[in-house]
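Peer 1: To start, I am sharing the structure in question, which I have written as structure tokens.
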Amino acid sequence: MTEMVGVIVLIGMMGSGKTAVGSRLASRLGCRFVDTDESVVAAAGKSVRQLFEEDGEEVFRRLESEALHDALSRDDDVVVAAAGGSVLSADNRAAIRDRATCVIWLDADLVTLGERTGRGGHRPLLDGDVGGRIAVLDRSRRPLYEEVARFRIDTTGRSIDDVVDEVARRLAEDDQS
Ligand code: S3P
């Protein structure tokens with residue numbers, strides 16, 4: 001691939017497809033892929049759920065910010081899947097805007113987000129009432145995703161490859177403009 005990659009950041013709600021799309025996009029572009037949740041788990045030596053339960057959300061958010069800043073600070077080409085809550089911090093939003101070559105907001109309707117996230121796993125914020133909690137988080141975060149993103153791509157009802165195709169096309173168009 002000869003086109004410029006730089007630092008591509010995927011943002012969006014839990015279940016929007018950041019990890020699935022990001023890892024496939026990185027293979028297609030032949031570059032590194034970083035998922036900030038995975039970096040946090042590696043740094044802490046415990047799962048996201050354990051971090052929330054044993055150390056609290058504040059500690060998780062601090063590790064998340066460190067993982068994000070680390071991912072953004074390297075010089076090589078990279079696709080970064082920034083976990084859903086990364087945009088809550090103004091400092092994180094500024095770092096994303098400063099460092100990213102392109103920021104893509106993966107979006108989906110609430111039913112789709114609920115179906116993709118399911119129960120348990122690494123999303124303790126959704127425990128109890130997945131649909132209700134997603135709706136509240138989505139409403140409060142949309143302005144933050146919008147503030148940071150260059151493009152919004154609706155992934156509702158679409159395959160991973162279809163979304164990756166659109167991301168690659170938008171990146172190529174953006175590169176030429
Ligand atoms: C969170 C999103 C999750 C994970 C944690 C909190 C959020 O990551 O970091 O459960 O606040 O939106 P994904 O966006 O990868 O699901």
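Lettering and numbering for the structure tokens are positional, with chains as A, B, ... in the shown order, residues counted from 1 in each chain, and ligands counted from 1 in the shown order.
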Excluding same-chain residues fewer than 4 positions from Ala95 in chain A, what lies within 8 Å of it counting only C-alpha atoms, as a ChimeraX atom specification?
Peer 2: /A:69,72,91,99
Peer 1: Which residues come within 10 Å of Glu115 in chain A, counting only C-alpha atoms, excluding same-chain residues fewer than 4 positions away, as a list in words?
Peer 2: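 Here the qualifying residues turn out to be Gly15, Leu110, Val111, Arg119, Val130 and Gly131 of chain A.
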Peer 1: Could you write out that same residue set with C-alpha atoms as a compact mmCIF listing (two decimals), in the first residue's frame?
Peer 2:
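out-v1.txt, freshly written:
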# COMPACT_ATOMS: atom_id res chain seq x y z
CA GLY A 15 -20.64 -2.24 19.75
CA LEU A 110 -29.34 1.62 19.39
CA VAL A 111 -30.85 -1.80 18.63
CA ARG A 119 -24.08 -9.28 28.32
CA VAL A 130 -27.97 -3.10 28.20
CA GLY A 131 -30.50 -1.25 26.03
Peer 1: Smallest atom-to-atom distance to Val148 in chain A: which of A:Asn92, A:Ser65, A:Gln176, A:Ser39, using only C-alpha atoms?
Peer 2: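 Ranked by minimum distance to Val148 in chain A, first place goes to A:Asn92.
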Peer 1: How close does chain A get to ligand 1? List, as CSV, each residue of chain A within 8 Å, its nearest atom pair and the distance in Å to one decimal, counting only C-alpha atoms and all ligand atoms.
Peer 2:
residue,atom,partner,partner_atom_place_in_ligand_line,distance
A:Ile11,CA,ligand 1,14 (O),8.0
A:Gly12,CA,ligand 1,14 (O),6.8
A:Met13,CA,ligand 1,14 (O),5.5
A:Met14,CA,ligand 1,16 (O),3.7
A:Gly15,CA,ligand 1,16 (O),6.0
A:Ser16,CA,ligand 1,14 (O),7.7
A:Lys18,CA,ligand 1,15 (O),6.8
A:Thr19,CA,ligand 1,15 (O),6.6
A:Asp35,CA,ligand 1,15 (O),7.6
A:Thr36,CA,ligand 1,9 (O),7.7
A:Asp37,CA,ligand 1,9 (O),5.4
A:Val48,CA,ligand 1,10 (O),6.5
A:Arg49,CA,ligand 1,10 (O),7.3
A:Glu64,CA,ligand 1,9 (O),7.6
A:Ala81,CA,ligand 1,15 (O),7.4
A:Ala82,CA,ligand 1,14 (O),7.0
A:Ala83,CA,ligand 1,14 (O),3.8
A:Gly84,CA,ligand 1,12 (O),3.4
A:Gly85,CA,ligand 1,11 (O),3.7
A:Ser86,CA,ligand 1,11 (O),7.3
A:Thr117,CA,ligand 1,16 (O),7.5
A:His122,CA,ligand 1,10 (O),5.1
A:Arg123,CA,ligand 1,10 (O),3.4
A:Pro124,CA,ligand 1,10 (O),5.6
A:Leu125,CA,ligand 1,10 (O),6.0
A:Leu126,CA,ligand 1,10 (O),7.9
A:Leu137,CA,ligand 1,12 (O),7.6
Peer 1: Select from range 44-110 of chain A everything DSSP, run on the backbone, classes as alpha helix (DSSP H), then give the selection as a ChimeraX atom specification.
Peer 2: /A:44,48-50,57-73,90-99,110
Peer 1: Atoms to include: N, CA and C atoms. Write the selected residues as an mmCIF file, in the first residue's frame.
Peer 2:
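To be explicit, this is the file written out as part.cif:
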data_model
loop_
_atom_site.group_PDB
_atom_site.id
_atom_site.type_symbol
_atom_site.label_atom_id
_atom_site.label_comp_id
_atom_site.auth_asym_id
_atom_site.auth_seq_id
_atom_site.Cartn_x
_atom_site.Cartn_y
_atom_site.Cartn_z
ATOM 1 N N ALA A 44 -2.291 -3.349 33.095
ATOM 2 C CA ALA A 44 -2.793 -3.562 34.463
ATOM 3 C C ALA A 44 -2.638 -5.003 34.914
ATOM 4 N N VAL A 48 -10.714 -5.619 32.046
ATOM 5 C CA VAL A 48 -11.437 -4.348 32.197
ATOM 6 C C VAL A 48 -12.455 -4.481 33.329
ATOM 7 N N ARG A 49 -13.165 -5.610 33.350
ATOM 8 C CA ARG A 49 -14.180 -5.807 34.393
ATOM 9 C C ARG A 49 -13.543 -5.817 35.792
ATOM 10 N N GLN A 50 -12.429 -6.527 35.915
ATOM 11 C CA GLN A 50 -11.734 -6.553 37.220
ATOM 12 C C GLN A 50 -11.286 -5.160 37.629
ATOM 13 N N GLU A 57 -13.799 3.015 38.303
ATOM 14 C CA GLU A 57 -13.771 3.573 36.945
ATOM 15 C C GLU A 57 -12.670 4.622 36.782
ATOM 16 N N GLU A 58 -12.417 5.398 37.845
ATOM 17 C CA GLU A 58 -11.415 6.466 37.719
ATOM 18 C C GLU A 58 -10.035 5.911 37.367
ATOM 19 N N VAL A 59 -9.675 4.814 38.022
ATOM 20 C CA VAL A 59 -8.369 4.196 37.732
ATOM 21 C C VAL A 59 -8.363 3.673 36.295
ATOM 22 N N PHE A 60 -9.484 3.024 35.919
ATOM 23 C CA PHE A 60 -9.585 2.542 34.534
ATOM 24 C C PHE A 60 -9.396 3.694 33.554
ATOM 25 N N ARG A 61 -10.058 4.836 33.805
ATOM 26 C CA ARG A 61 -9.983 5.967 32.869
ATOM 27 C C ARG A 61 -8.559 6.521 32.782
ATOM 28 N N ARG A 62 -7.840 6.492 33.897
ATOM 29 C CA ARG A 62 -6.456 6.977 33.868
ATOM 30 C C ARG A 62 -5.597 6.069 32.981
ATOM 31 N N LEU A 63 -5.761 4.755 33.164
ATOM 32 C CA LEU A 63 -4.996 3.806 32.341
ATOM 33 C C LEU A 63 -5.394 3.920 30.868
ATOM 34 N N GLU A 64 -6.679 4.170 30.642
ATOM 35 C CA GLU A 64 -7.180 4.326 29.277
ATOM 36 C C GLU A 64 -6.515 5.550 28.615
ATOM 37 N N SER A 65 -6.426 6.654 29.359
ATOM 38 C CA SER A 65 -5.785 7.858 28.816
ATOM 39 C C SER A 65 -4.319 7.596 28.508
ATOM 40 N N GLU A 66 -3.634 6.877 29.416
ATOM 41 C CA GLU A 66 -2.213 6.562 29.182
ATOM 42 C C GLU A 66 -2.063 5.711 27.922
ATOM 43 N N ALA A 67 -2.940 4.714 27.783
ATOM 44 C CA ALA A 67 -2.875 3.819 26.611
ATOM 45 C C ALA A 67 -3.116 4.615 25.331
ATOM 46 N N LEU A 68 -4.072 5.527 25.389
ATOM 47 C CA LEU A 68 -4.396 6.330 24.202
ATOM 48 C C LEU A 68 -3.215 7.229 23.836
ATOM 49 N N HIS A 69 -2.678 7.945 24.818
ATOM 50 C CA HIS A 69 -1.555 8.847 24.540
ATOM 51 C C HIS A 69 -0.363 8.069 23.998
ATOM 52 N N ASP A 70 -0.126 6.889 24.547
ATOM 53 C CA ASP A 70 0.979 6.060 24.076
ATOM 54 C C ASP A 70 0.750 5.668 22.608
ATOM 55 N N ALA A 71 -0.475 5.237 22.303
ATOM 56 C CA ALA A 71 -0.783 4.807 20.928
ATOM 57 C C ALA A 71 -0.624 5.965 19.948
ATOM 58 N N LEU A 72 -0.947 7.177 20.397
ATOM 59 C CA LEU A 72 -0.901 8.341 19.505
ATOM 60 C C LEU A 72 0.513 8.909 19.350
ATOM 61 N N SER A 73 1.400 8.500 20.235
ATOM 62 C CA SER A 73 2.697 9.189 20.274
ATOM 63 C C SER A 73 3.777 8.530 19.414
ATOM 64 N N ALA A 90 -11.409 15.836 28.004
ATOM 65 C CA ALA A 90 -11.087 16.913 27.060
ATOM 66 C C ALA A 90 -9.646 16.790 26.597
ATOM 67 N N ASP A 91 -8.786 16.361 27.505
ATOM 68 C CA ASP A 91 -7.374 16.182 27.179
ATOM 69 C C ASP A 91 -7.207 15.082 26.114
ATOM 70 N N ASN A 92 -7.963 13.992 26.278
ATOM 71 C CA ASN A 92 -7.909 12.922 25.272
ATOM 72 C C ASN A 92 -8.423 13.422 23.922
ATOM 73 N N ARG A 93 -9.503 14.206 23.966
ATOM 74 C CA ARG A 93 -10.054 14.698 22.696
ATOM 75 C C ARG A 93 -9.043 15.599 21.994
ATOM 76 N N ALA A 94 -8.378 16.425 22.762
ATOM 77 C CA ALA A 94 -7.367 17.325 22.174
ATOM 78 C C ALA A 94 -6.212 16.512 21.596
ATOM 79 N N ALA A 95 -5.794 15.475 22.308
ATOM 80 C CA ALA A 95 -4.675 14.642 21.833
ATOM 81 C C ALA A 95 -5.065 13.933 20.545
ATOM 82 N N ILE A 96 -6.293 13.441 20.472
ATOM 83 C CA ILE A 96 -6.754 12.762 19.252
ATOM 84 C C ILE A 96 -6.744 13.756 18.088
ATOM 85 N N ARG A 97 -7.296 14.942 18.326
ATOM 86 C CA ARG A 97 -7.358 15.937 17.249
ATOM 87 C C ARG A 97 -5.964 16.360 16.779
ATOM 88 N N ASP A 98 -5.056 16.516 17.744
ATOM 89 C CA ASP A 98 -3.691 16.951 17.402
ATOM 90 C C ASP A 98 -2.925 15.906 16.606
ATOM 91 N N ARG A 99 -3.055 14.655 17.025
ATOM 92 C CA ARG A 99 -2.153 13.632 16.514
ATOM 93 C C ARG A 99 -2.689 12.816 15.348
ATOM 94 N N LEU A 110 -29.396 2.138 18.017
ATOM 95 C CA LEU A 110 -29.342 1.619 19.389
ATOM 96 C C LEU A 110 -29.623 0.117 19.454
#
Peer 1: Please report the interatomic distance between CA of Asp154 in chain A and CA of Trp105 in chain A in Å with one decimal.
Peer 2: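 Straight-line distance from CA of Asp154 in chain A to CA of Trp105 in chain A works out to 8.5 Å.
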Peer 1: What is the CA of Cys31 in chain A to CA of Met4 in chain A distance in Å?
Peer 2: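 So the answer is 10.9 Å.
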Peer 1: Using DSSP assignments from the backbone, pull out every residue in chain A that falls under strand (DSSP E or B) and give it to me as a PyMOL selection string.
Peer 2: chain A and resi 7-11+32-35+78-81+102-107+151-154
Peer 1: Write out as a PyMOL selection string the residues lying within 12 Å of Cys102 in chain A, counting only C-alpha atoms and excluding same-chain residues fewer than 6 positions away.
Peer 2: chain A and resi 4-11+72+77-80+96+148-152+167-168+170-175
Peer 1: What's the separation between CA of Pro143 in chain A and CA of Ile104 in chain A, in Å to one decimal place?
Peer 2: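 Interatomic distance here is 14.0 Å.
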